[in-house]
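Engineer: A single structure is presented below for examination.
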Amino acid sequence: MINKNTCLKKEDFDDLFFACTAIFARKWQLSIIVCLSDGPKCFGEILSYHEGLSRKMLSTNLHKLESKGVIKRKAFEDGNIMRVSYSLTQAGNELILILKNLLLWGNKYAPYSKDDQLKYDKEKFAKNT
């Protein structure tokens with residue numbers, strides 16, 4: 001039996017698709033959200049968390065997430081130096097709850113690891129050559 005509270009309607013698809021792609025379509029945004037899930041961080045801390053992320057790309061993604069209301073930027077003085085920290089907004093913290101549930105669902109119904117992906121890629125490549 002289908003629970004009416006858990007049903008999605010056909011007309012919900014566009015909004016759902018937009019909500020998902022607004023966050024998940026950009027490579028670094030989800031990782032930045034995860035990085036900030038344990039508290040505020042300065043630009044350099046976020047940058048060092050992400051191997052291969054350039055300063056420009058981080059700046060672009062921080063601005064995108066801020067404009068979407070997922071993170072907030074706070075400027076403060078540290079002695080004579082102006083610093084900026086980033087943290088999750090209420091919307092960002094609510095997104096963390098959704099992501100935790102998605103992770104639980106994925107671990108239960110779609111177990112996946114990098115080793116599985118590497119094995120799949122090798123098998124696929126071997127078949128295509």
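Chain labels A, B, ... are given in the sequence in which chains occur in the structure tokens; within each chain residues are numbered consecutively from 1, and ligands are likewise numbered from 1 in the order shown.
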As JSON, numbers by chain, please: every residue in chain A that DSSP puts in strand (DSSP E or B).
Structural biologist: {"A": [41, 42, 71, 72, 73, 74, 75, 76, 77, 78, 81, 82, 83, 84, 85, 86, 87, 88]}
Engineer: Using DSSP on the backbone coordinates, identify the residues of segment 38-91 of chain A assigned to helix (DSSP H, G or I); present them as a PDB file with C-alpha atoms, in the first residue's frame.
Structural biologist:
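Result went into states-v6.pdb, see below:
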ATOM      1  CA  PHE A  43      38.665  30.099   2.958  1.00  0.00           C
ATOM      2  CA  GLY A  44      42.092  28.473   3.418  1.00  0.00           C
ATOM      3  CA  GLU A  45      40.665  25.666   5.555  1.00  0.00           C
ATOM      4  CA  ILE A  46      38.048  24.869   2.920  1.00  0.00           C
ATOM      5  CA  LEU A  47      40.688  25.013   0.189  1.00  0.00           C
ATOM      6  CA  SER A  48      43.029  22.611   2.023  1.00  0.00           C
ATOM      7  CA  TYR A  49      40.115  20.186   2.551  1.00  0.00           C
ATOM      8  CA  ARG A  55      41.180  29.243  -5.390  1.00  0.00           C
ATOM      9  CA  LYS A  56      39.092  30.656  -8.245  1.00  0.00           C
ATOM     10  CA  MET A  57      36.830  27.599  -8.409  1.00  0.00           C
ATOM     11  CA  LEU A  58      36.383  27.613  -4.628  1.00  0.00           C
ATOM     12  CA  SER A  59      35.501  31.297  -4.683  1.00  0.00           C
ATOM     13  CA  THR A  60      32.980  30.740  -7.495  1.00  0.00           C
ATOM     14  CA  ASN A  61      31.329  27.826  -5.678  1.00  0.00           C
ATOM     15  CA  LEU A  62      31.201  29.675  -2.356  1.00  0.00           C
ATOM     16  CA  HIS A  63      29.439  32.591  -4.052  1.00  0.00           C
ATOM     17  CA  LYS A  64      26.978  30.196  -5.752  1.00  0.00           C
ATOM     18  CA  LEU A  65      26.164  28.437  -2.475  1.00  0.00           C
ATOM     19  CA  GLU A  66      25.807  31.771  -0.694  1.00  0.00           C
ATOM     20  CA  SER A  67      23.441  33.063  -3.388  1.00  0.00           C
ATOM     21  CA  GLN A  90      19.501  26.826   8.444  1.00  0.00           C
ATOM     22  CA  ALA A  91      18.765  25.636   4.903  1.00  0.00           C
TER      23      ALA A  91
END
Engineer: Residues within 12 Å of Asp38 of chain A, please, as a PyMOL selection string. Count only C-alpha atoms; anything in the same chain fewer than 4 positions from it doesn't count.
Structural biologist: chain A and resi 32-34+46+86-88+92-93+96
Engineer: Fewer than 4 positions away in the same chain doesn't count, so skip those; otherwise give me all residues within 10 Å of Arg83 of chain A, counting only C-alpha atoms, as a list in words.
Structural biologist: Cys42, Phe43, Lys74, Ala75, Phe76, Glu77, Asp78 and Gly79 of chain A
Engineer: Give me, please, the distance in Å between atom CA of Phe24 of chain A and atom CA of Ser54 of chain A, quoted to one decimal.
Structural biologist: 18.7 Å
Engineer: Just give me the gap between atom CA of Ile71 of chain A and atom CA of Thr89 of chain A in Å, one decimal is fine.
Structural biologist: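 That distance, rounded to one decimal, is 5.1 Å.
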Engineer: Would you compute the distance between atom CA of Tyr109 of chain A and atom CA of Thr6 of chain A? Give it in Å to one decimal.
Structural biologist: 17.9 Å
